[in-house]
>>> print(open('structure.pdb').read())   # PDB, C-alpha atoms
MODEL        1
ATOM      1  CA  LEU A   1     154.272  89.678 108.250
ATOM      2  CA  LYS A   2     157.494  90.515 110.039
ATOM      3  CA  ASP A   3     159.200  87.353 108.730
ATOM      4  CA  ALA A   4     157.565  87.466 105.289
ATOM      5  CA  VAL A   5     159.613  88.456 102.271
ATOM      6  CA  LEU A   6     157.713  90.308  99.566
ATOM      7  CA  VAL A   7     158.861  89.369  96.080
ATOM      8  CA  PRO A   8     157.627  91.320  93.042
ATOM      9  CA  GLY A   9     155.274  89.253  90.895
ATOM     10  CA  GLN A  10     154.303  86.858  93.699
ATOM     11  CA  ALA A  11     150.985  86.875  95.520
ATOM     12  CA  LEU A  12     150.807  88.795  98.777
ATOM     13  CA  PRO A  13     150.418  86.708 101.932
ATOM     14  CA  GLN A  14     146.851  86.342 103.228
ATOM     15  CA  LEU A  15     146.117  89.275 105.544
ATOM     16  CA  VAL A  16     143.609  89.082 108.388
ATOM     17  CA  TYR A  17     142.079  92.296 109.688
ATOM     18  CA  GLU A  18     140.401  92.451 113.076
ATOM     19  CA  LEU A  19     137.901  94.642 114.800
ATOM     20  CA  ARG A  20     139.156  94.974 118.371
ATOM     21  CA  ILE A  21     137.692  96.501 121.500
ATOM     22  CA  TYR A  22     140.367  97.805 123.880
ATOM     23  CA  SER A  23     140.005  98.662 127.558
ATOM     24  CA  LEU A  24     140.519 102.284 128.551
ATOM     25  CA  GLU A  25     140.349 101.583 132.285
ATOM     26  CA  GLU A  26     143.555 102.239 134.203
ATOM     27  CA  ARG A  27     143.796  98.728 135.718
ATOM     28  CA  ASN A  28     143.846  96.988 132.309
ATOM     29  CA  PHE A  29     144.511  99.811 129.852
ATOM     30  CA  GLY A  30     145.155  98.526 126.344
ATOM     31  CA  GLU A  31     143.906  95.000 127.009
ATOM     32  CA  VAL A  32     141.913  93.478 124.141
ATOM     33  CA  LEU A  33     138.401  92.911 125.524
ATOM     34  CA  ALA A  34     136.942  91.427 122.361
ATOM     35  CA  ALA A  35     138.109  90.778 118.805
ATOM     36  CA  ARG A  36     136.753  89.429 115.564
ATOM     37  CA  SER A  37     138.064  89.139 112.037
ATOM     38  CA  VAL A  38     136.585  91.566 109.503
ATOM     39  CA  ARG A  39     135.919  90.918 105.844
ATOM     40  CA  ALA A  40     136.959  93.555 103.319
ATOM     41  CA  ALA A  41     138.418  95.885 105.941
ATOM     42  CA  HIS A  42     139.863  98.062 103.169
ATOM     43  CA  CYS A  43     136.266  98.838 102.118
ATOM     44  CA  LEU A  44     135.138 100.136 105.541
ATOM     45  CA  THR A  45     134.030 103.760 105.657
ATOM     46  CA  SER A  46     132.512 103.951 109.168
ATOM     47  CA  ILE A  47     132.864 102.178 112.483
ATOM     48  CA  GLN A  48     130.695 103.445 115.327
ATOM     49  CA  PHE A  49     129.557 102.372 118.785
ATOM     50  CA  SER A  50     125.863 102.454 119.644
ATOM     51  CA  PRO A  51     124.680 104.993 122.257
ATOM     52  CA  THR A  52     124.629 102.222 124.892
ATOM     53  CA  SER A  53     127.989 100.804 123.720
ATOM     54  CA  GLU A  54     126.320  97.396 123.391
ATOM     55  CA  HIS A  55     126.747  97.266 119.609
ATOM     56  CA  VAL A  56     129.190  98.379 116.952
ATOM     57  CA  LEU A  57     128.236  99.363 113.399
ATOM     58  CA  LEU A  58     130.465  98.665 110.394
ATOM     59  CA  ALA A  59     129.672 100.363 107.082
ATOM     60  CA  TYR A  60     131.173  99.335 103.756
ATOM     61  CA  GLY A  61     131.734 101.948 101.072
ATOM     62  CA  ARG A  62     132.874  99.672  98.260
ATOM     63  CA  ARG A  63     131.659  96.436  96.790
ATOM     64  CA  HIS A  64     133.951  93.481  97.308
ATOM     65  CA  SER A  65     133.646  89.780  96.477
ATOM     66  CA  SER A  66     133.747  88.831 100.174
ATOM     67  CA  LEU A  67     130.629  90.979 100.744
ATOM     68  CA  LEU A  68     128.692  89.426  97.858
ATOM     69  CA  LEU A  69     125.306  87.823  98.543
ATOM     70  CA  LEU A  70     122.846  86.143  96.194
ATOM     71  CA  VAL A  71     119.172  86.749  96.959
ATOM     72  CA  ALA A  72     116.269  84.887  95.367
ATOM     73  CA  ASP A  73     113.862  87.280  93.641
ATOM     74  CA  GLY A  74     111.001  85.335  92.153
ATOM     75  CA  GLY A  75     112.469  82.938  89.604
ATOM     76  CA  SER A  76     115.902  84.549  89.471
ATOM     77  CA  CYS A  77     118.810  85.483  91.719
ATOM     78  CA  VAL A  78     119.853  89.070  92.356
ATOM     79  CA  THR A  79     123.386  90.059  93.323
ATOM     80  CA  VAL A  80     123.584  92.278  96.408
ATOM     81  CA  HIS A  81     126.438  93.359  98.647
ATOM     82  CA  THR A  82     126.633  93.794 102.388
ATOM     83  CA  ILE A  83     126.706  97.506 103.197
ATOM     84  CA  LEU A  84     126.119  97.489 106.983
ATOM     85  CA  GLU A  85     126.879  95.027 109.760
ATOM     86  CA  VAL A  86     125.957  95.351 113.438
ATOM     87  CA  TYR A  87     127.846  93.297 116.030
ATOM     88  CA  ALA A  88     127.101  92.733 119.728
ATOM     89  CA  ILE A  89     130.073  93.963 121.777
ATOM     90  CA  ALA A  90     129.685  91.319 124.519
ATOM     91  CA  ASP A  91     130.589  88.369 122.296
ATOM     92  CA  MET A  92     131.270  90.067 118.916
ATOM     93  CA  SER A  93     128.436  88.062 117.350
ATOM     94  CA  LEU A  94     126.854  89.328 114.161
ATOM     95  CA  VAL A  95     123.427  90.776 115.013
ATOM     96  CA  ARG A  96     122.243  92.312 111.724
ATOM     97  CA  VAL A  97     123.339  92.559 108.092
ATOM     98  CA  LEU A  98     121.924  95.053 105.625
ATOM     99  CA  PRO A  99     122.476  94.176 101.966
ATOM    100  CA  SER A 100     121.892  96.493  99.014
ATOM    101  CA  ALA A 101     121.881  96.060  95.266
ATOM    102  CA  GLU A 102     122.786  99.680  94.567
ATOM    103  CA  ASP A 103     124.046 101.588  97.632
ATOM    104  CA  GLU A 104     127.644 102.184  98.637
ATOM    105  CA  VAL A 105     127.902 103.817 102.056
ATOM    106  CA  ASN A 106     129.798 107.041 102.541
ATOM    107  CA  VAL A 107     129.066 107.377 106.270
ATOM    108  CA  ALA A 108     126.787 105.649 108.793
ATOM    109  CA  CYS A 109     125.788 106.303 112.389
ATOM    110  CA  PHE A 110     123.425 105.223 115.130
ATOM    111  CA  HIS A 111     120.665 107.578 116.245
ATOM    112  CA  PRO A 112     121.866 109.257 119.468
ATOM    113  CA  CYS A 113     118.882 107.880 121.438
ATOM    114  CA  PRO A 114     119.039 104.145 122.209
ATOM    115  CA  GLY A 115     116.614 102.250 119.994
ATOM    116  CA  GLY A 116     116.322 105.186 117.582
ATOM    117  CA  GLY A 117     117.708 103.261 114.618
ATOM    118  CA  LEU A 118     120.488 104.331 112.314
ATOM    119  CA  ALA A 119     121.139 106.420 109.249
ATOM    120  CA  TYR A 120     123.565 106.260 106.385
ATOM    121  CA  GLY A 121     124.528 108.461 103.495
ATOM    122  CA  THR A 122     125.326 106.986 100.109
ATOM    123  CA  LYS A 123     128.017 107.981  97.662
ATOM    124  CA  GLU A 124     125.195 109.090  95.337
ATOM    125  CA  GLY A 125     124.032 111.659  97.913
ATOM    126  CA  ARG A 126     121.032 109.771  99.299
ATOM    127  CA  LEU A 127     120.178 109.686 102.995
ATOM    128  CA  ARG A 128     118.685 106.439 104.295
ATOM    129  CA  ILE A 129     117.083 106.269 107.734
ATOM    130  CA  LEU A 130     116.359 102.873 109.268
ATOM    131  CA  ARG A 131     114.246 102.309 112.353
ATOM    132  CA  HIS A 132     113.801  99.039 114.224
ATOM    133  CA  ASP A 133     110.278  97.692 114.682
ATOM    134  CA  ARG A 134     108.978  98.492 118.121
ATOM    135  CA  PRO A 135     105.991  97.214 120.110
ATOM    136  CA  PRO A 136     102.776  99.110 119.351
ATOM    137  CA  PRO A 137     102.587 102.452 121.172
ATOM    138  CA  LYS A 138     100.116 102.930 123.997
ATOM    139  CA  VAL A 139      98.729 106.124 122.463
ATOM    140  CA  PRO A 140      97.261 106.257 118.957
ATOM    141  CA  VAL A 141      99.749 107.359 116.319
ATOM    142  CA  ARG A 142      99.030 108.449 112.777
ATOM    143  CA  PRO A 143     100.065 105.714 110.316
ATOM    144  CA  MET A 144     103.162 106.172 108.210
ATOM    145  CA  ALA A 145     103.661 104.432 104.889
ATOM    146  CA  ILE A 146     106.516 101.958 104.621
ATOM    147  CA  GLY A 147     109.156 102.708 102.006
ATOM    148  CA  ARG A 148     108.479 106.424 101.885
ATOM    149  CA  CYS A 149     111.327 108.826 101.406
ATOM    150  CA  LEU A 150     112.317 111.361 104.060
ATOM    151  CA  GLU A 151     110.850 114.260 102.062
ATOM    152  CA  ASP A 152     107.448 112.539 101.941
ATOM    153  CA  GLU A 153     107.544 111.920 105.684
ATOM    154  CA  LEU A 154     108.446 115.553 106.391
ATOM    155  CA  LEU A 155     105.644 116.795 104.130
ATOM    156  CA  GLU A 156     103.240 114.443 105.882
ATOM    157  CA  VAL A 157     104.284 115.802 109.284
ATOM    158  CA  LEU A 158     103.739 119.363 108.022
ATOM    159  CA  ASP A 159     100.278 118.375 106.780
ATOM    160  CA  TRP A 160      99.461 116.860 110.187
ATOM    161  CA  SER A 161     100.713 120.007 111.911
ATOM    162  CA  ALA A 162      98.332 122.099 109.837
ATOM    163  CA  VAL A 163      95.425 119.820 110.781
ATOM    164  CA  ASP A 164      96.377 119.965 114.468
ATOM    165  CA  GLY A 165      96.637 123.744 114.237
ATOM    166  CA  ASP A 166      93.099 123.936 112.897
ATOM    167  CA  ARG A 167      91.883 121.848 115.829
ATOM    168  CA  ASP A 168      93.488 124.038 118.487
ATOM    169  CA  GLY A 169      91.471 127.070 117.440
ATOM    170  CA  LEU A 170      94.442 129.190 116.424
ATOM    171  CA  ASP A 171      94.099 131.223 113.259
ATOM    172  CA  ARG A 172      97.114 130.509 111.065
ATOM    173  CA  SER A 173      95.867 132.378 108.010
ATOM    174  CA  ASP A 174      98.075 135.001 106.412
ATOM    175  CA  SER A 175      97.482 138.462 107.822
ATOM    176  CA  ASP A 176      98.249 141.861 106.337
ATOM    177  CA  THR A 177      99.416 143.420 109.593
ATOM    178  CA  ASP A 178     103.004 144.140 108.651
TER
ENDMDL
END
>>> encode(input="structure.pdb", output="structure tokens")
Amino acid sequence: LKDAVLVPGQALPQLVYELRIYSLEERNFGEVLAARSVRAAHCLTSIQFSPTSEHVLLAYGRRHSSLLLLVADGGSCVTVHTILEVYAIADMSLVRVLPSAEDEVNVACFHPCPGGGLAYGTKEGRLRILRHDRPPPKVPVRPMAIGRCLEDELLEVLDWSAVDGDRDGLDRSDSDTD
């Protein structure tokens, strides 16, 4: 834009925003290691590296026409918007897209443990936790319902704790020994 002249009433020149990964090593400090254009950069609310630095998460806090998706729902189409994108750092390829019909993301982050999933908070005050499917565990695990809210999962864990406490022979009843 250095040579562009902005004239009131005329359209602004097409801007291209990029997500760039820069080297911090002394031998090539500041070198662009990878780059990719980003849609609706003015709508981004979070950009975060994964714990292994193999992926980068982009979260969008506003709806924009470039993030619009149409999804078939039975006999009709539903309008949804991209709210999260995950890119592979190695080649900046798009790995995952999460669309939503209602959410706008305030903040998003990866779980600190690799493979632990991610979480995001909405502008309406909701907390969404997403976990990637994993191979079946080697030890039996109590089933968890899909689509349950965090409060339900926490209550379920508390219920299981009470059952486990009964099995270990410890008396957890209220006592009057104050």
>>> residues_around(input="structure.pdb", residues="Thr52 (chain A)", least_positions_apart="5", cutoff="12 Å", atoms="all atoms listed in the file", output="PyMOL selection string")
chain A and resi 88-89+110-116
>>> closest_residue(input="structure.pdb", among="A:Pro8, A:Gln14, A:Ala101, A:Leu94", to="Leu57 (chain A)", atoms="only C-alpha atoms")
A:Leu94
>>> closest_residue(input="structure.pdb", among="A:Tyr60, A:Cys109, A:Ser100, A:Val16", to="Glu85 (chain A)", atoms="all atoms listed in the file")
A:Tyr60
>>> residues_around(input="structure.pdb", residues="Leu118 (chain A)", least_positions_apart="4", cutoff="12 Å", atoms="all atoms listed in the file", output="count of residues only")
27
>>> atom_distance(input="structure.pdb", atom1="CA of Gly30 (chain A)", atom2="CA of Ser46 (chain A)")
22.0 Å
>>> atom_distance(input="structure.pdb", atom1="CA of Ala41 (chain A)", atom2="CA of Leu19 (chain A)")
9.0 Å
>>> resolve_selection(input="structure.pdb", expression="the PyMOL selection byres ((chain A and resi 124) around 12)", output="PyMOL selection string")
chain A and resi 61+102-107+120-123+125-128
>>> atom_distance(input="structure.pdb", atom1="CA of Tyr17 (chain A)", atom2="CA of Ala40 (chain A)")
8.3 Å
>>> residues_around(input="structure.pdb", residues="Leu70 (chain A)", least_positions_apart="3", cutoff="8 Å", atoms="all atoms listed in the file", output="JSON, numbers by chain")
{"A": [77, 78, 79, 80]}
>>> closest_residue(input="structure.pdb", among="A:His64, A:Glu31, A:Gly74, A:Met92", to="Leu44 (chain A)", atoms="all atoms listed in the file")
A:His64
>>> axis_aligned_box(input="structure.pdb", around="region 116-121 of chain A", padding_each_side="5 Å", output="lines of an AutoDock Vina configuration file")
center_x = 120.4
center_y = 105.9
center_z = 110.5
size_x = 18.2
size_y = 15.2
size_z = 24.1
>>> decode(input="structure.pdb", residues="region 54-84 of chain A", atoms="N, CA, C and O atoms", output="short mmCIF file (atom, residue, chain, number, x, y, z; two decimals), in the first residue's frame")
data_model
loop_
_atom_site.label_atom_id
_atom_site.label_comp_id
_atom_site.auth_asym_id
_atom_site.auth_seq_id
_atom_site.Cartn_x
_atom_site.Cartn_y
_atom_site.Cartn_z
N GLU A 54 3.38 -28.08 16.77
CA GLU A 54 3.13 -28.66 15.45
C GLU A 54 1.92 -28.05 14.78
O GLU A 54 1.74 -28.19 13.57
N HIS A 55 1.07 -27.39 15.56
CA HIS A 55 -0.16 -26.81 15.02
C HIS A 55 -0.36 -25.40 15.57
O HIS A 55 0.20 -25.04 16.61
N VAL A 56 -1.17 -24.63 14.86
CA VAL A 56 -1.55 -23.31 15.33
C VAL A 56 -3.07 -23.21 15.23
O VAL A 56 -3.67 -23.70 14.27
N LEU A 57 -3.67 -22.61 16.23
CA LEU A 57 -5.13 -22.47 16.34
C LEU A 57 -5.51 -21.02 16.09
O LEU A 57 -4.93 -20.11 16.68
N LEU A 58 -6.47 -20.82 15.20
CA LEU A 58 -7.02 -19.48 14.94
C LEU A 58 -8.49 -19.50 15.35
O LEU A 58 -9.23 -20.41 14.97
N ALA A 59 -8.89 -18.52 16.15
CA ALA A 59 -10.27 -18.42 16.61
C ALA A 59 -10.87 -17.10 16.14
O ALA A 59 -10.25 -16.05 16.25
N TYR A 60 -12.08 -17.20 15.60
CA TYR A 60 -12.77 -16.03 15.06
C TYR A 60 -13.89 -15.60 16.01
O TYR A 60 -14.73 -16.40 16.40
N GLY A 61 -13.89 -14.33 16.35
CA GLY A 61 -14.85 -13.79 17.30
C GLY A 61 -16.02 -13.05 16.68
O GLY A 61 -16.91 -12.60 17.37
N ARG A 62 -16.00 -12.92 15.37
CA ARG A 62 -17.10 -12.25 14.67
C ARG A 62 -17.45 -13.04 13.43
O ARG A 62 -16.60 -13.70 12.84
N ARG A 63 -18.69 -12.92 13.03
CA ARG A 63 -19.12 -13.56 11.78
C ARG A 63 -18.76 -12.64 10.62
O ARG A 63 -18.88 -11.44 10.70
N HIS A 64 -18.30 -13.26 9.55
CA HIS A 64 -17.91 -12.51 8.37
C HIS A 64 -18.27 -13.33 7.14
O HIS A 64 -18.25 -14.57 7.20
N SER A 65 -18.58 -12.68 6.03
CA SER A 65 -19.01 -13.40 4.83
C SER A 65 -17.96 -14.39 4.33
O SER A 65 -18.30 -15.43 3.79
N SER A 66 -16.68 -14.11 4.54
CA SER A 66 -15.64 -15.03 4.08
C SER A 66 -15.56 -16.29 4.94
O SER A 66 -14.91 -17.26 4.57
N LEU A 67 -16.23 -16.29 6.09
CA LEU A 67 -16.24 -17.45 6.99
C LEU A 67 -17.54 -18.23 6.89
O LEU A 67 -17.75 -19.20 7.61
N LEU A 68 -18.41 -17.81 5.99
CA LEU A 68 -19.74 -18.40 5.84
C LEU A 68 -19.68 -19.77 5.20
O LEU A 68 -18.96 -19.98 4.22
N LEU A 69 -20.44 -20.71 5.76
CA LEU A 69 -20.56 -22.06 5.21
C LEU A 69 -22.04 -22.43 5.17
O LEU A 69 -22.81 -22.03 6.04
N LEU A 70 -22.43 -23.19 4.17
CA LEU A 70 -23.79 -23.72 4.10
C LEU A 70 -23.72 -25.21 4.36
O LEU A 70 -22.95 -25.92 3.72
N VAL A 71 -24.53 -25.69 5.30
CA VAL A 71 -24.53 -27.10 5.68
C VAL A 71 -25.91 -27.67 5.45
O VAL A 71 -26.91 -27.06 5.87
N ALA A 72 -25.97 -28.83 4.79
CA ALA A 72 -27.25 -29.49 4.55
C ALA A 72 -27.76 -30.08 5.86
O ALA A 72 -27.03 -30.76 6.58
N ASP A 73 -29.02 -29.79 6.18
CA ASP A 73 -29.65 -30.30 7.40
C ASP A 73 -31.01 -30.85 6.99
O ASP A 73 -31.99 -30.12 6.94
N GLY A 74 -31.04 -32.14 6.68
CA GLY A 74 -32.27 -32.72 6.18
C GLY A 74 -32.58 -32.18 4.80
O GLY A 74 -31.78 -32.26 3.88
N GLY A 75 -33.76 -31.57 4.65
CA GLY A 75 -34.16 -31.02 3.36
C GLY A 75 -33.83 -29.56 3.19
O GLY A 75 -34.24 -28.95 2.21
N SER A 76 -33.12 -28.96 4.13
CA SER A 76 -32.81 -27.54 4.02
C SER A 76 -31.33 -27.29 4.26
O SER A 76 -30.59 -28.18 4.65
N CYS A 77 -30.92 -26.06 4.03
CA CYS A 77 -29.54 -25.64 4.28
C CYS A 77 -29.52 -24.71 5.48
O CYS A 77 -30.39 -23.86 5.64
N VAL A 78 -28.51 -24.88 6.32
CA VAL A 78 -28.33 -24.06 7.51
C VAL A 78 -27.07 -23.22 7.32
O VAL A 78 -26.05 -23.73 6.86
N THR A 79 -27.13 -21.96 7.68
CA THR A 79 -25.97 -21.08 7.60
C THR A 79 -25.16 -21.21 8.88
O THR A 79 -25.68 -21.06 9.97
N VAL A 80 -23.87 -21.52 8.71
CA VAL A 80 -22.94 -21.57 9.84
C VAL A 80 -21.70 -20.77 9.47
O VAL A 80 -21.47 -20.47 8.30
N HIS A 81 -20.93 -20.43 10.48
CA HIS A 81 -19.69 -19.68 10.26
C HIS A 81 -18.53 -20.43 10.88
O HIS A 81 -18.68 -21.09 11.91
N THR A 82 -17.38 -20.33 10.26
CA THR A 82 -16.17 -20.90 10.82
C THR A 82 -15.82 -20.13 12.08
O THR A 82 -15.76 -18.91 12.07
N ILE A 83 -15.58 -20.87 13.18
CA ILE A 83 -15.18 -20.20 14.43
C ILE A 83 -13.77 -20.59 14.85
O ILE A 83 -13.10 -19.84 15.54
N LEU A 84 -13.31 -21.79 14.43
CA LEU A 84 -11.95 -22.24 14.75
C LEU A 84 -11.32 -22.89 13.53
O LEU A 84 -12.00 -23.60 12.79
#
